[in-house]
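Data from model-v5.cif: mmCIF, C-alpha atoms
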data_data
loop_
_atom_site.label_atom_id
_atom_site.label_comp_id
_atom_site.auth_asym_id
_atom_site.auth_seq_id
_atom_site.Cartn_x
_atom_site.Cartn_y
_atom_site.Cartn_z
CA MET A 538 29.04 2.39 -10.40
CA SER A 539 31.44 0.50 -8.16
CA LEU A 540 31.38 0.65 -4.39
CA LEU A 541 34.81 2.27 -4.47
CA SER A 542 33.60 5.18 -6.59
CA VAL A 543 30.63 5.71 -4.25
CA VAL A 544 33.04 5.86 -1.33
CA GLU A 545 35.33 8.26 -3.20
CA MET A 546 32.36 10.54 -3.93
CA ALA A 547 31.27 10.59 -0.31
CA PRO A 548 31.65 14.11 1.02
CA GLY A 549 32.94 12.94 4.40
CA PHE A 550 31.45 14.01 7.67
CA PRO A 551 31.77 17.53 9.06
CA SER A 552 33.15 18.13 12.53
CA ALA A 553 31.21 19.82 15.31
CA LEU A 554 33.59 22.77 15.12
CA ALA A 555 33.14 23.08 11.35
CA ILE A 556 29.35 23.39 11.60
CA GLY A 557 29.57 25.84 14.51
CA PHE A 558 28.26 23.51 17.22
CA PRO A 559 29.23 25.01 20.57
CA VAL A 560 32.08 22.90 21.91
CA ASP A 561 31.62 23.34 25.62
CA HIS A 562 32.39 20.58 28.13
CA PHE A 563 29.35 21.23 30.33
CA LEU A 564 26.98 21.56 27.37
CA ILE A 565 28.17 18.29 25.81
CA MET A 566 27.92 16.56 29.19
CA VAL A 567 24.33 17.78 29.68
CA PHE A 568 23.44 16.72 26.13
CA TYR A 569 24.93 13.27 26.76
CA ALA A 570 23.04 12.97 30.06
CA LEU A 571 19.83 13.97 28.28
CA LEU A 572 20.21 11.26 25.62
CA VAL A 573 21.22 8.52 28.06
CA SER A 574 18.57 9.30 30.68
CA SER A 575 15.74 9.54 28.15
CA PHE A 576 16.87 6.22 26.63
CA PHE A 577 16.89 4.40 29.97
CA ALA A 578 13.66 6.02 31.14
CA VAL A 579 11.82 4.58 28.14
CA LEU A 580 13.66 1.24 28.32
CA TRP A 581 13.18 0.56 32.03
CA ALA A 582 9.84 2.20 32.93
CA SER A 583 6.48 1.43 31.39
CA ASP A 584 4.17 4.34 32.19
CA ARG A 585 4.59 8.08 31.88
CA PRO A 586 4.85 9.07 35.59
CA SER A 587 7.47 6.41 36.34
CA ARG A 588 9.38 7.35 33.16
CA THR A 589 9.46 10.98 34.24
CA ARG A 590 10.67 10.02 37.71
CA LEU A 591 13.36 7.72 36.34
CA PHE A 592 14.47 10.31 33.77
CA THR A 593 14.83 12.93 36.51
CA LYS A 594 16.80 10.55 38.72
CA ILE A 595 19.24 9.43 36.02
CA PHE A 596 19.68 12.90 34.54
CA GLY A 597 20.24 14.41 38.00
CA ALA A 598 22.66 11.64 38.99
CA LEU A 599 24.72 12.08 35.82
CA VAL A 600 24.92 15.88 35.87
CA LEU A 601 25.13 16.46 39.63
CA GLY A 602 27.45 13.45 40.06
CA ALA A 603 29.82 14.80 37.41
CA LEU A 604 29.77 18.25 39.04
CA ALA A 605 30.47 16.68 42.45
CA VAL A 606 33.41 14.66 41.08
CA ALA A 607 34.74 17.77 39.31
CA TRP A 608 34.47 19.75 42.55
CA LEU A 609 36.28 17.00 44.51
CA MET A 610 39.05 16.88 41.91
CA TYR A 611 39.50 20.66 41.82
CA PRO A 612 42.31 20.82 44.45
CA PHE A 613 44.42 18.27 42.57
CA PRO A 614 46.95 19.67 40.12
CA SER A 615 46.52 18.63 36.50
CA MET B 1105 -1.18 -25.04 14.41
CA SER B 1106 0.23 -27.36 17.05
CA ALA B 1107 1.71 -25.96 20.28
CA GLU B 1108 5.18 -27.01 19.17
CA ALA B 1109 4.84 -25.25 15.82
CA SER B 1110 3.56 -22.06 17.44
CA VAL B 1111 6.50 -22.03 19.88
CA GLU B 1112 8.86 -22.51 16.93
CA ALA B 1113 7.23 -19.62 15.04
CA ALA B 1114 7.48 -17.35 18.09
CA ASP B 1115 11.11 -18.35 18.44
CA SER B 1116 12.04 -17.51 14.86
CA ARG B 1117 10.11 -14.23 15.14
CA THR B 1118 12.10 -13.36 18.27
CA TRP B 1119 15.46 -14.07 16.63
CA MET B 1120 14.45 -12.17 13.50
CA GLY B 1121 13.58 -9.21 15.75
CA VAL B 1122 16.98 -9.44 17.48
CA VAL B 1123 18.82 -9.45 14.15
CA LEU B 1124 16.76 -6.51 12.87
CA ALA B 1125 17.44 -4.65 16.12
CA TRP B 1126 21.17 -4.95 15.40
CA VAL B 1127 20.78 -3.88 11.76
CA PHE B 1128 19.19 -0.54 12.68
CA PRO B 1129 18.18 0.86 16.09
CA GLY B 1130 14.47 0.41 16.71
CA LEU B 1131 13.89 -1.92 13.76
CA GLY B 1132 13.44 -4.95 16.03
CA HIS B 1133 10.81 -3.13 18.10
CA PHE B 1134 9.07 -2.04 14.90
CA TYR B 1135 9.04 -5.64 13.69
CA LEU B 1136 7.42 -6.78 16.96
CA GLY B 1137 4.76 -4.04 16.70
CA ARG B 1138 6.17 -1.53 19.23
CA ARG B 1139 6.14 1.29 16.69
CA ARG B 1140 6.24 4.38 18.93
CA ARG B 1141 9.07 2.97 21.01
CA ALA B 1142 10.86 1.94 17.81
CA LEU B 1143 10.75 5.51 16.52
CA PHE B 1144 12.01 6.88 19.83
CA TYR B 1145 14.92 4.41 20.00
CA ALA B 1146 15.82 5.02 16.36
CA VAL B 1147 16.02 8.78 16.98
CA VAL B 1148 17.96 8.60 20.27
CA VAL B 1149 20.55 6.02 19.15
CA THR B 1150 21.03 7.59 15.71
CA VAL B 1151 21.45 11.09 17.19
CA THR B 1152 23.98 9.72 19.71
CA PHE B 1153 25.89 8.00 16.89
CA LEU B 1154 25.84 11.03 14.57
CA PHE B 1155 27.10 13.31 17.34
CA GLY B 1156 29.91 10.80 17.91
CA LEU B 1157 30.93 11.32 14.29
CA LEU B 1158 30.48 15.11 14.55
CA PHE B 1159 32.80 15.10 17.55
CA GLU B 1160 35.38 13.26 15.42
CA GLY B 1161 35.38 10.12 17.54
CA ARG B 1162 36.98 6.84 16.57
CA LEU B 1163 35.07 3.93 15.00
CA ASP B 1164 36.87 1.33 17.09
CA TRP B 1165 38.69 -1.60 15.56
CA PRO B 1166 40.87 -4.21 17.33
CA GLU B 1167 44.57 -3.46 17.62
CA PRO B 1168 47.09 -6.20 18.41
CA GLY B 1169 48.59 -5.72 21.86
CA ALA B 1170 45.76 -3.48 23.07
CA PRO B 1171 43.15 -5.79 24.65
CA LEU B 1172 40.77 -2.97 25.55
CA THR B 1173 40.30 -2.17 21.87
CA TYR B 1174 38.49 -5.52 21.54
CA LEU B 1175 35.91 -4.46 24.11
CA ALA B 1176 35.60 -1.03 22.50
CA THR B 1177 35.11 -2.67 19.10
CA PHE B 1178 32.39 -4.92 20.53
CA ALA B 1179 30.61 -1.84 21.94
CA SER B 1180 31.08 0.16 18.77
CA LEU B 1181 29.90 -2.57 16.40
CA GLY B 1182 26.67 -2.79 18.41
CA SER B 1183 25.30 0.05 16.34
CA GLY B 1184 25.04 -2.27 13.32
CA LEU B 1185 24.64 -0.77 9.88
CA LEU B 1186 25.22 2.76 11.19
CA ASN B 1187 28.76 1.74 12.10
CA ILE B 1188 29.43 -0.13 8.86
CA VAL B 1189 28.10 2.66 6.62
CA ALA B 1190 30.00 5.28 8.63
CA ARG B 1191 33.20 3.26 8.21
CA LEU B 1192 32.74 3.45 4.43
CA LEU B 1193 31.76 7.10 4.31
CA VAL B 1194 33.88 9.02 6.80
CA GLU B 1195 37.29 10.17 5.69
CA ASN B 1196 39.02 9.05 8.85
CA PRO B 1197 37.36 6.15 10.74
CA ARG B 1198 40.08 6.30 13.40
CA GLY B 1199 38.86 9.73 14.45
CA THR B 1200 40.90 12.89 14.90
CA VAL B 1201 42.99 12.38 18.02
CA LEU B 1202 44.08 16.03 18.11
CA SER B 1203 40.53 17.34 18.00
CA VAL B 1204 39.29 18.79 21.30
CA THR B 1205 36.09 16.77 20.94
CA TYR B 1206 37.79 13.41 20.14
CA GLU B 1207 37.14 11.80 23.56
CA TYR B 1208 33.52 12.97 23.54
CA GLY B 1209 33.15 11.48 20.07
CA CYS B 1210 34.51 8.10 21.17
CA THR B 1211 32.16 8.09 24.17
CA PHE B 1212 29.12 8.95 22.05
CA LEU B 1213 29.96 6.27 19.44
CA ARG B 1214 30.51 3.53 22.04
CA THR B 1215 27.38 4.58 23.94
CA ALA B 1216 25.28 4.36 20.77
CA GLY B 1217 26.57 0.81 20.20
CA LEU B 1218 25.92 -0.23 23.80
CA MET B 1219 22.42 1.27 23.70
CA ASN B 1220 21.67 -0.79 20.60
CA LEU B 1221 22.99 -3.96 22.25
CA LEU B 1222 20.57 -3.31 25.13
CA LEU B 1223 17.79 -2.84 22.59
CA MET B 1224 18.60 -6.27 21.13
CA LEU B 1225 18.17 -7.79 24.61
CA ASP B 1226 14.94 -5.84 25.05
CA VAL B 1227 13.60 -7.22 21.75
CA PHE B 1228 14.55 -10.72 22.91
CA ASP B 1229 12.61 -10.22 26.16
CA ILE B 1230 9.58 -8.87 24.29
CA GLY B 1231 9.70 -11.78 21.84
CA ARG B 1232 9.85 -14.30 24.68
CA GLY B 1233 6.92 -12.60 26.46
CA ARG B 1234 8.95 -11.49 29.48
CA LYS B 1235 8.19 -7.85 28.74
CA SER B 1236 5.26 -6.07 27.09
#

Would you mind giving the structure from this file in structure tokens?
Amino acid sequence: MSLLSVVEMAPGFPSALAIGFPVDHFLIMVFYALLVSSFFAVLWASDRPSRTRLFTKIFGALVLGALAVAWLMYPFPS
Amino acid sequence: MSAEASVEAADSRTWMGVVLAWVFPGLGHFYLGRRRRALFYAVVVTVTFLFGLLFEGRLDWPEPGAPLTYLATFASLGSGLLNIVARLLVENPRGTVLSVTYEYGCTFLRTAGLMNLLLMLDVFDIGRGRKS
């Protein structure tokens, strides 16, 4: 079986909309913050209490920072 | 084993770990014996990458006249085999620009690549004994 035929048989990749994943800006932003903050908490801290603290800080900074920027931008027309 | 030979062996082990870390997220940590962390990194980076595809993001590739695409490609290719396999399997590697989730997808895909590049540096530090 050639590589080309394997590629042709590939079913492709579904979209988030197609599988019914809720496409909501805030939800995606929180999910992104969750992934990034958990990654950096494990990468940069070595024990559980400091990981928890770092996770809380990064997650809070990402979500609250984004909300603050959104609030500041609210008066500006699109 | 002489001191020189043991340094050489540690060096080749470090570089092997760095290469493996690029091939698949967490594989470099697994190779250096950090198995729990390896599993965690594999899950987080792979989930980030897969959601990038689900959100119909673009698997970046350089475009003449658009210098920022070179940086984006560098970030995107950081995810190693995930990126290469996805390029072969997805119907449209350039993403779906008209999709409402396109920008999210691009962000997730580039973030997954950048996370994996950081993991390569982390493996290098562990191999050199700068980090446990």

Please provide as a PyMOL selection string all residues within 10 Å of B:Leu1223, with the sequence filter that same-chain residues fewer than 3 positions apart are discarded (counting only C-alpha atoms).
-> (chain A and resi 576+580) or (chain B and resi 1122+1125-1126+1129-1133+1142+1145+1149+1182+1217-1220+1226-1229)

Would you list the contacts of A:Ile595 as a PyMOL selection string, taking every protein, DNA or RNA residue within 12 Å and counting all atoms listed in the file, but skipping same-chain residues closer than 4 positions in sequence?
-> chain A and resi 567+569-579+581+588-591+599-603

What does the distance between atom CA of B:Leu1124 and atom CA of A:Arg585 come to in Å, to one decimal place?
-> 26.9 Å

Could you work out how far atom CA of B:Thr1152 lies from atom CA of A:Ile565, giving the answer in Å with one decimal?
->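 Computed distance, atom CA of A:Ile565 to atom CA of B:Thr1152, equals 11.3 Å.
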
Provide the atom CA of B:Tyr1206 to atom CA of B:Pro1171 distance in Å, to one decimal place.
->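 Separation between atom CA of B:Tyr1206 and atom CA of B:Pro1171: 20.4 Å.
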
Please write as a list in words the full residue list that the PyMOL selection byres ((chain B and resi 1193-1205) around 6) yields on this file.
-> Val544, Ala547, Gly549 and Phe550 of chain A; Phe1159, Glu1160, Gly1161, Arg1162, Leu1163, Ala1190, Arg1191, Leu1192, Tyr1206, Glu1207 and Tyr1208 of chain B

Give the answer as one residue: which of B:Ile1230, B:Trp1165, B:Val1148, B:Tyr1174 has the shortest atom-to-atom distance to chain A, using all atoms listed in the file?
-> B:Val1148

Which is closest to chain A among B:Gly1233, B:Pro1168, B:Gly1137, B:Gly1209, if we use only C-alpha atoms?
->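 Selected residue with least distance to chain A: B:Gly1209.
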
Name the residues that the PyMOL selection byres ((chain B and resi 1212) around 7) pulls out of this structure, and write them as a PyMOL selection string.
-> chain B and resi 1152-1153+1155-1156+1208-1211+1213-1216

Excluding same-chain residues fewer than 4 positions from A:Ile556, what lies within 10 Å of it counting all atoms listed in the file, as a list of chain:residue names?
->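 My reading of the contact set: A:Pro551, A:Ser552, B:Leu1158.
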
Please complete stretch 1106-1124 of chain B with N, CA and C atoms and give it back as a PDB file, in the frame of the given file.
ATOM      1  N   SER B1106      -0.049 -26.680  15.789  1.00  0.00           N
ATOM      2  CA  SER B1106       0.230 -27.360  17.050  1.00  0.00           C
ATOM      3  C   SER B1106       0.998 -26.429  17.993  1.00  0.00           C
ATOM      4  N   ALA B1107       1.010 -26.795  19.290  1.00  0.00           N
ATOM      5  CA  ALA B1107       1.710 -25.960  20.280  1.00  0.00           C
ATOM      6  C   ALA B1107       3.193 -25.864  19.959  1.00  0.00           C
ATOM      7  N   GLU B1108       3.744 -26.993  19.492  1.00  0.00           N
ATOM      8  CA  GLU B1108       5.180 -27.010  19.170  1.00  0.00           C
ATOM      9  C   GLU B1108       5.507 -26.071  18.005  1.00  0.00           C
ATOM     10  N   ALA B1109       4.623 -26.106  16.988  1.00  0.00           N
ATOM     11  CA  ALA B1109       4.840 -25.250  15.820  1.00  0.00           C
ATOM     12  C   ALA B1109       4.704 -23.778  16.179  1.00  0.00           C
ATOM     13  N   SER B1110       3.748 -23.465  17.063  1.00  0.00           N
ATOM     14  CA  SER B1110       3.560 -22.060  17.440  1.00  0.00           C
ATOM     15  C   SER B1110       4.735 -21.542  18.274  1.00  0.00           C
ATOM     16  N   VAL B1111       5.304 -22.416  19.111  1.00  0.00           N
ATOM     17  CA  VAL B1111       6.500 -22.030  19.880  1.00  0.00           C
ATOM     18  C   VAL B1111       7.668 -21.777  18.940  1.00  0.00           C
ATOM     19  N   GLU B1112       7.784 -22.644  17.917  1.00  0.00           N
ATOM     20  CA  GLU B1112       8.860 -22.510  16.930  1.00  0.00           C
ATOM     21  C   GLU B1112       8.724 -21.196  16.150  1.00  0.00           C
ATOM     22  N   ALA B1113       7.469 -20.866  15.784  1.00  0.00           N
ATOM     23  CA  ALA B1113       7.230 -19.620  15.040  1.00  0.00           C
ATOM     24  C   ALA B1113       7.566 -18.415  15.888  1.00  0.00           C
ATOM     25  N   ALA B1114       7.180 -18.464  17.182  1.00  0.00           N
ATOM     26  CA  ALA B1114       7.480 -17.350  18.090  1.00  0.00           C
ATOM     27  C   ALA B1114       8.985 -17.201  18.267  1.00  0.00           C
ATOM     28  N   ASP B1115       9.655 -18.343  18.290  1.00  0.00           N
ATOM     29  CA  ASP B1115      11.110 -18.350  18.440  1.00  0.00           C
ATOM     30  C   ASP B1115      11.802 -17.697  17.251  1.00  0.00           C
ATOM     31  N   SER B1116      11.389 -18.073  16.055  1.00  0.00           N
ATOM     32  CA  SER B1116      12.040 -17.510  14.860  1.00  0.00           C
ATOM     33  C   SER B1116      11.709 -16.022  14.740  1.00  0.00           C
ATOM     34  N   ARG B1117      10.491 -15.643  15.159  1.00  0.00           N
ATOM     35  CA  ARG B1117      10.110 -14.230  15.140  1.00  0.00           C
ATOM     36  C   ARG B1117      10.991 -13.426  16.111  1.00  0.00           C
ATOM     37  N   THR B1118      11.250 -14.027  17.278  1.00  0.00           N
ATOM     38  CA  THR B1118      12.100 -13.360  18.270  1.00  0.00           C
ATOM     39  C   THR B1118      13.501 -13.136  17.712  1.00  0.00           C
ATOM     40  N   TRP B1119      14.093 -14.193  17.142  1.00  0.00           N
ATOM     41  CA  TRP B1119      15.460 -14.070  16.630  1.00  0.00           C
ATOM     42  C   TRP B1119      15.543 -13.115  15.441  1.00  0.00           C
ATOM     43  N   MET B1120      14.493 -13.126  14.625  1.00  0.00           N
ATOM     44  CA  MET B1120      14.450 -12.170  13.500  1.00  0.00           C
ATOM     45  C   MET B1120      14.434 -10.742  14.049  1.00  0.00           C
ATOM     46  N   GLY B1121      13.641 -10.529  15.108  1.00  0.00           N
ATOM     47  CA  GLY B1121      13.580  -9.210  15.750  1.00  0.00           C
ATOM     48  C   GLY B1121      14.935  -8.794  16.295  1.00  0.00           C
ATOM     49  N   VAL B1122      15.652  -9.744  16.908  1.00  0.00           N
ATOM     50  CA  VAL B1122      16.980  -9.440  17.480  1.00  0.00           C
ATOM     51  C   VAL B1122      17.959  -9.039  16.376  1.00  0.00           C
ATOM     52  N   VAL B1123      17.918  -9.777  15.268  1.00  0.00           N
ATOM     53  CA  VAL B1123      18.820  -9.450  14.150  1.00  0.00           C
ATOM     54  C   VAL B1123      18.477  -8.071  13.585  1.00  0.00           C
ATOM     55  N   LEU B1124      17.178  -7.811  13.399  1.00  0.00           N
ATOM     56  CA  LEU B1124      16.760  -6.510  12.870  1.00  0.00           C
ATOM     57  C   LEU B1124      17.136  -5.384  13.825  1.00  0.00           C
TER      58      LEU B1124
END
